[in-house]
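The data block below is input_24.cif; it holds mmCIF, C-alpha atoms and all ligand atoms.
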data_run
loop_
_atom_site.label_atom_id
_atom_site.label_comp_id
_atom_site.auth_asym_id
_atom_site.auth_seq_id
_atom_site.Cartn_x
_atom_site.Cartn_y
_atom_site.Cartn_z
CA MET T 7 -28.89 72.50 17.02
CA VAL T 8 -31.12 69.67 15.91
CA TRP T 9 -33.29 71.86 13.67
CA ALA T 10 -30.24 73.13 11.79
CA GLU T 11 -29.46 69.54 10.82
CA LEU T 12 -33.09 68.83 9.93
CA LEU T 13 -33.26 71.90 7.70
CA ASP T 14 -29.92 71.08 6.08
CA LYS T 15 -31.18 67.60 5.24
CA LEU T 16 -34.02 69.16 3.23
CA ARG T 17 -31.36 70.34 0.73
CA LEU T 18 -33.24 73.55 0.02
CA ARG T 19 -32.61 75.41 -3.23
CA GLY T 20 -33.21 78.76 -1.55
CA ASP T 21 -36.35 79.80 -3.39
CA GLU T 22 -38.81 77.84 -1.24
CA ARG T 23 -41.73 79.12 0.80
CA ILE T 24 -41.45 77.70 4.30
CA LEU T 25 -44.17 78.00 6.92
CA ASP T 26 -43.48 77.71 10.67
CA LEU T 27 -46.62 76.98 12.72
CA GLY T 28 -46.34 78.58 16.17
CA CYS T 29 -43.02 80.21 15.35
CA GLY T 30 -42.77 82.11 18.64
CA ARG T 31 -39.62 84.21 18.87
CA GLY T 32 -38.29 82.53 15.74
CA ALA T 33 -35.82 79.82 16.81
CA VAL T 34 -36.67 77.62 13.81
CA LEU T 35 -38.14 80.29 11.52
CA LEU T 36 -34.94 82.33 11.41
CA MET T 37 -32.81 79.25 10.86
CA ALA T 38 -35.02 78.43 7.88
CA ALA T 39 -34.70 82.00 6.59
CA GLN T 40 -30.90 81.73 6.72
CA ARG T 41 -31.14 78.87 4.22
CA LEU T 42 -33.17 80.91 1.71
CA THR T 43 -32.21 83.39 -0.95
CA THR T 44 -35.29 84.42 -2.91
CA GLY T 45 -37.65 82.28 -0.82
CA ARG T 46 -39.66 83.29 2.23
CA ALA T 47 -39.84 81.97 5.78
CA VAL T 48 -43.37 82.67 6.96
CA GLY T 49 -44.20 82.47 10.66
CA ILE T 50 -47.64 82.37 12.18
CA ASP T 51 -48.38 82.65 15.87
CA LEU T 52 -50.87 83.91 18.41
CA TRP T 53 -47.90 85.16 20.48
CA ARG T 54 -49.19 83.57 23.70
CA SER T 55 -46.92 84.56 26.58
CA ALA T 56 -48.13 81.53 28.54
CA ASP T 57 -46.39 79.32 25.94
CA GLN T 58 -43.19 81.35 25.47
CA SER T 59 -41.92 84.26 27.53
CA GLY T 60 -41.43 87.61 25.78
CA ASN T 61 -43.55 86.34 22.91
CA SER T 62 -44.57 88.96 20.35
CA ALA T 63 -44.35 89.68 16.65
CA GLN T 64 -42.11 92.66 17.49
CA ALA T 65 -39.67 90.44 19.40
CA THR T 66 -39.48 88.02 16.47
CA GLN T 67 -39.03 90.90 14.03
CA ARG T 68 -36.17 92.20 16.16
CA ASN T 69 -34.58 88.74 16.18
CA ALA T 70 -34.93 88.58 12.39
CA PHE T 71 -33.16 91.93 12.12
CA ALA T 72 -30.37 90.76 14.43
CA GLU T 73 -29.91 87.66 12.26
CA GLY T 74 -29.90 89.74 9.08
CA VAL T 75 -32.86 87.92 7.51
CA THR T 76 -35.64 90.53 7.70
CA ASP T 77 -36.00 90.55 3.92
CA ARG T 78 -36.82 86.83 3.89
CA VAL T 79 -39.15 86.69 6.92
CA GLU T 80 -42.88 87.32 6.96
CA LEU T 81 -44.85 87.24 10.21
CA HIS T 82 -48.58 86.68 10.61
CA THR T 83 -50.72 86.90 13.70
CA GLY T 84 -53.13 84.01 13.39
CA ASP T 85 -54.34 80.64 14.56
CA MET T 86 -52.72 77.54 13.10
CA THR T 87 -56.06 75.73 13.33
CA ALA T 88 -57.45 78.12 10.67
CA LEU T 89 -54.53 79.16 8.49
CA PRO T 90 -55.06 82.28 6.35
CA PHE T 91 -53.11 80.76 3.44
CA ALA T 92 -54.15 79.19 0.13
CA ASP T 93 -54.12 75.45 -0.48
CA ASN T 94 -50.81 74.11 -1.85
CA SER T 95 -48.93 77.34 -1.16
CA PHE T 96 -45.85 76.16 0.80
CA ASP T 97 -42.93 73.91 -0.12
CA VAL T 98 -42.16 73.06 3.50
CA VAL T 99 -44.22 73.29 6.70
CA VAL T 100 -42.46 73.00 10.06
CA SER T 101 -43.66 73.22 13.63
CA SER T 102 -41.56 72.95 16.77
CA LEU T 103 -43.00 72.39 20.24
CA ALA T 104 -46.17 74.28 19.36
CA ILE T 105 -49.08 71.99 18.42
CA HIS T 106 -49.25 70.51 21.93
CA ASN T 107 -50.12 74.01 23.18
CA ILE T 108 -53.50 73.81 21.45
CA SER T 109 -56.05 72.63 23.97
CA GLY T 110 -58.26 69.78 22.81
CA ARG T 111 -57.58 66.98 20.41
CA ALA T 112 -59.97 68.41 17.80
CA GLY T 113 -57.95 71.63 17.67
CA ARG T 114 -54.67 69.77 17.30
CA GLU T 115 -56.17 67.67 14.49
CA LYS T 116 -57.29 70.86 12.75
CA ALA T 117 -53.73 72.21 12.92
CA VAL T 118 -52.34 69.06 11.30
CA TYR T 119 -55.09 69.11 8.66
CA GLN T 120 -54.26 72.75 7.89
CA ALA T 121 -50.56 71.95 7.59
CA VAL T 122 -51.38 69.33 4.95
CA ARG T 123 -53.82 71.63 3.15
CA VAL T 124 -51.32 74.46 2.66
CA LEU T 125 -48.48 72.15 1.65
CA ARG T 126 -47.94 71.82 -2.10
CA PRO T 127 -47.77 68.38 -3.71
CA SER T 128 -44.31 66.90 -2.99
CA GLY T 129 -43.98 69.42 -0.14
CA ARG T 130 -42.47 68.26 3.12
CA LEU T 131 -43.83 68.43 6.65
CA LEU T 132 -41.73 68.29 9.84
CA ILE T 133 -43.37 68.41 13.26
CA ALA T 134 -41.34 68.17 16.47
CA ASP T 135 -43.36 67.91 19.65
CA ILE T 136 -43.45 66.48 23.13
CA ARG T 137 -46.97 65.07 22.98
CA GLY T 138 -49.55 63.90 20.48
CA THR T 139 -47.19 62.80 17.73
CA ARG T 140 -48.61 59.29 17.62
CA GLN T 141 -52.08 60.72 16.89
CA HIS T 142 -50.64 63.11 14.31
CA GLN T 143 -48.84 60.20 12.67
CA ALA T 144 -52.11 58.24 12.36
CA GLN T 145 -53.88 61.32 11.01
CA LEU T 146 -51.18 61.97 8.42
CA ALA T 147 -51.32 58.37 7.23
CA LYS T 148 -55.12 58.64 6.97
CA THR T 149 -54.92 61.83 4.86
CA GLY T 150 -52.78 59.93 2.37
CA MET T 151 -49.47 61.61 3.21
CA SER T 152 -46.52 59.50 2.13
CA ASP T 153 -43.26 58.52 3.85
CA VAL T 154 -44.74 59.20 7.29
CA THR T 155 -42.05 58.64 9.93
CA ARG T 156 -41.92 59.24 13.69
CA ARG T 157 -38.79 59.07 15.79
CA ARG T 158 -37.22 60.37 18.96
CA LEU T 159 -35.02 63.41 18.52
CA GLY T 160 -32.79 62.29 21.38
CA TRP T 161 -31.26 63.92 24.40
CA ARG T 162 -30.27 67.11 22.57
CA PHE T 163 -33.92 67.98 22.14
CA TRP T 164 -35.36 67.01 25.50
CA TRP T 165 -37.72 69.63 26.82
CA GLY T 166 -39.51 69.39 30.13
CA GLY T 167 -37.36 66.56 31.43
CA PRO T 168 -36.52 63.07 30.27
CA TRP T 169 -40.16 61.96 30.52
CA ALA T 170 -40.95 64.29 27.67
CA ALA T 171 -38.55 63.26 24.92
CA THR T 172 -39.43 65.12 21.77
CA ARG T 173 -40.50 63.17 18.72
CA LEU T 174 -40.06 64.23 15.13
CA LEU T 175 -42.74 63.46 12.60
CA THR T 176 -41.93 63.78 8.93
CA ALA T 177 -44.13 63.27 5.88
CA THR T 178 -44.35 64.22 2.22
CA LYS T 179 -47.47 65.32 0.42
CA PRO T 180 -48.12 63.07 -2.56
CA THR T 181 -48.89 64.56 -5.93
CA SER T 182 -52.59 63.82 -5.44
CA THR T 183 -53.98 63.65 -1.92
CA PRO T 184 -57.40 62.60 -0.78
CA GLN T 185 -57.37 65.07 2.16
CA GLU T 186 -59.15 63.81 5.30
C1 LIG P 201 -43.45 76.59 23.25
S1 LIG P 201 -43.66 77.85 22.04
C2 LIG P 201 -42.58 77.30 20.74
C3 LIG P 201 -42.16 78.44 19.86
C4 LIG P 201 -41.15 78.09 18.76
N1 LIG P 201 -41.72 77.17 17.78
C5 LIG P 201 -39.87 77.53 19.33
O1 LIG P 201 -39.56 76.36 19.06
O2 LIG P 201 -39.17 78.27 20.03
C6 LIG P 201 -45.28 77.49 21.34
C7 LIG P 201 -45.80 78.59 20.43
O3 LIG P 201 -47.04 78.17 19.84
C8 LIG P 201 -47.90 79.31 19.79
N2 LIG P 201 -49.29 78.86 19.66
C9 LIG P 201 -50.02 78.14 20.56
N3 LIG P 201 -51.24 77.87 20.05
C10 LIG P 201 -51.28 78.44 18.81
C11 LIG P 201 -52.25 78.49 17.78
N4 LIG P 201 -53.45 77.91 17.92
N5 LIG P 201 -51.95 79.12 16.63
C12 LIG P 201 -50.73 79.72 16.46
N6 LIG P 201 -49.76 79.69 17.39
C13 LIG P 201 -50.03 79.07 18.56
C14 LIG P 201 -47.60 80.06 21.07
O4 LIG P 201 -48.01 81.39 21.03
C15 LIG P 201 -46.08 79.91 21.15
O5 LIG P 201 -45.42 80.95 20.47
#

Could you write out this file's structure as structure tokens?
Amino acid sequence: MVWAELLDKLRLRGDERILDLGCGRGAVLLMAAQRLTTGRAVGIDLWRSADQSGNSAQATQRNAFAEGVTDRVELHTGDMTALPFADNSFDVVVSSLAIHNISGRAGREKAVYQAVRVLRPSGRLLIADIRGTRQHQAQLAKTGMSDVTRRRLGWRFWWGGPWAATRLLTATKPTSTPQE
């Protein structure tokens, strides 16, 4: 799985706080939790069934139990365009195939802004999505994020057909960021 490799490359210590924006049933969230010991994998979602079938906090909780990571997973019902978390409170923020589900460019920009806001200095951001990554890339560069990269994830991550190859955006929050 592509995300397993991406998470491994982060070389986590195990005590990190990782946030998954639009975690859904937990495909990425639970993989992150498996790489933690004292850390927490925090998922936030509105559990929209239009975006993922069988979507609910209960379903994700059940999946966490099945994976044996309940103690490291925290679920929140909330909107990623208005995150209920403090500034600089996560070591890593990830989002997989979720930001494109926000209707309207302004909403998607808010989600990216919020991701940067809650990330601690030196924290890392990874966004995989089928649309909008070029705009997110420009926004991240404008906010002063460093090491902003955008690349195709390749055939193993295609979703919706070959016309919708998923791109991965990565960036690091510098130690002092002029946000916006
Ligand atoms: C296609 S699913 C992807 C779920 C998961 N990340 C995965 O890779 O399996 C998109 C998810 O984004 C969530 N979502 C859409 N808009 C959202 C918003 N504004 N705030 C939080 N979650 C949202 C949906 O409820 C859904 O769970």

Item checked: Spatial sel., origin (-49.6, 75.6, 1.0), limit 10 Å, only C-alpha atoms, listed as number ranges by chain -> T: 23-25, 89, 91-99, 120-127, 129

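Using only C-alpha atoms and all ligand atoms, the shortest contact distance between ligand LIG 201 (chain P) and any of T:Arg41, T:Arg31, T:His82, T:Arg46 is found at T:Arg31.
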
Next item on the list: Select, from T:Ile108, T:Leu146, T:Ala72, T:Leu175, the residue with the minimum atom-to-atom distance to ligand LIG 201 (chain P), counting all atoms listed in the file.
Entry: T:Ile108

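Selection of all polymer residues within 7 Å of ligand LIG 201 (chain P) on the basis of all atoms listed in the file gives Leu27, Gly28, Cys29, Gly30, Arg31, Gly32, Ala33, Val34, Ile50, Asp51, Leu52, Trp53, Arg54, Ser55, Asp57, Gln58, Asn61, Gly84, Asp85, Met86, Thr87, Ser101, Ser102, Leu103, Ala104, Ile105, Asn107 and Ile108 of chain T.
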
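Taking atom CA of T:Ser182 and atom CA of T:Ala47 as endpoints, the distance between them is 24.9 Å.
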
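Of the listed residues (T:Ala144, T:Ala65, T:Ala177, T:Ile136), T:Ile136 comes nearest to T:Gly160; the distances count all atoms listed in the file.
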
Note to self: If I take atom CA of T:Leu131 and atom CA of T:Thr43, how far is one from the other in Å, to one decimal?
What the structure shows: 20.4 Å

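Counting all atoms listed in the file and comparing T:Asp26, T:Glu73, T:Glu80, T:Asp14, the residue that lies closest to T:Ala117 is T:Asp26.
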
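Shortest separation to T:Arg130 among T:Val100, T:Leu36, T:Leu159, T:Ala70 occurs at residue T:Val100, atoms counted being only C-alpha atoms.
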
Notebook entry, point to check: To one decimal place, how far is atom CA of T:Ala39 from atom CA of T:Arg78 in Å?
Noted result: 5.9 Å

Check: With distances taken over only C-alpha atoms, which of T:Val79, T:Met7, T:Ala63, T:Ala147 is nearest to T:Gln40?
Finding: T:Val79

Checklist line | Spatial neighbours of T:Thr139, max dist 10 Å, only C-alpha atoms, sep filter under 6 positions, as a ChimeraX atom specification | finding: /T:105-106,133,145,156-157,172-175

Can you report as JSON the centre and edge lengths in Å, to one decimal, of an axis-aligned box around the listed atoms of stretch 20-32 of chain T padded with 5 Å on each side?
{"center_x": -39.9, "center_y": 80.6, "center_z": 7.7, "size_x": 23.4, "size_y": 17.2, "size_z": 32.3}
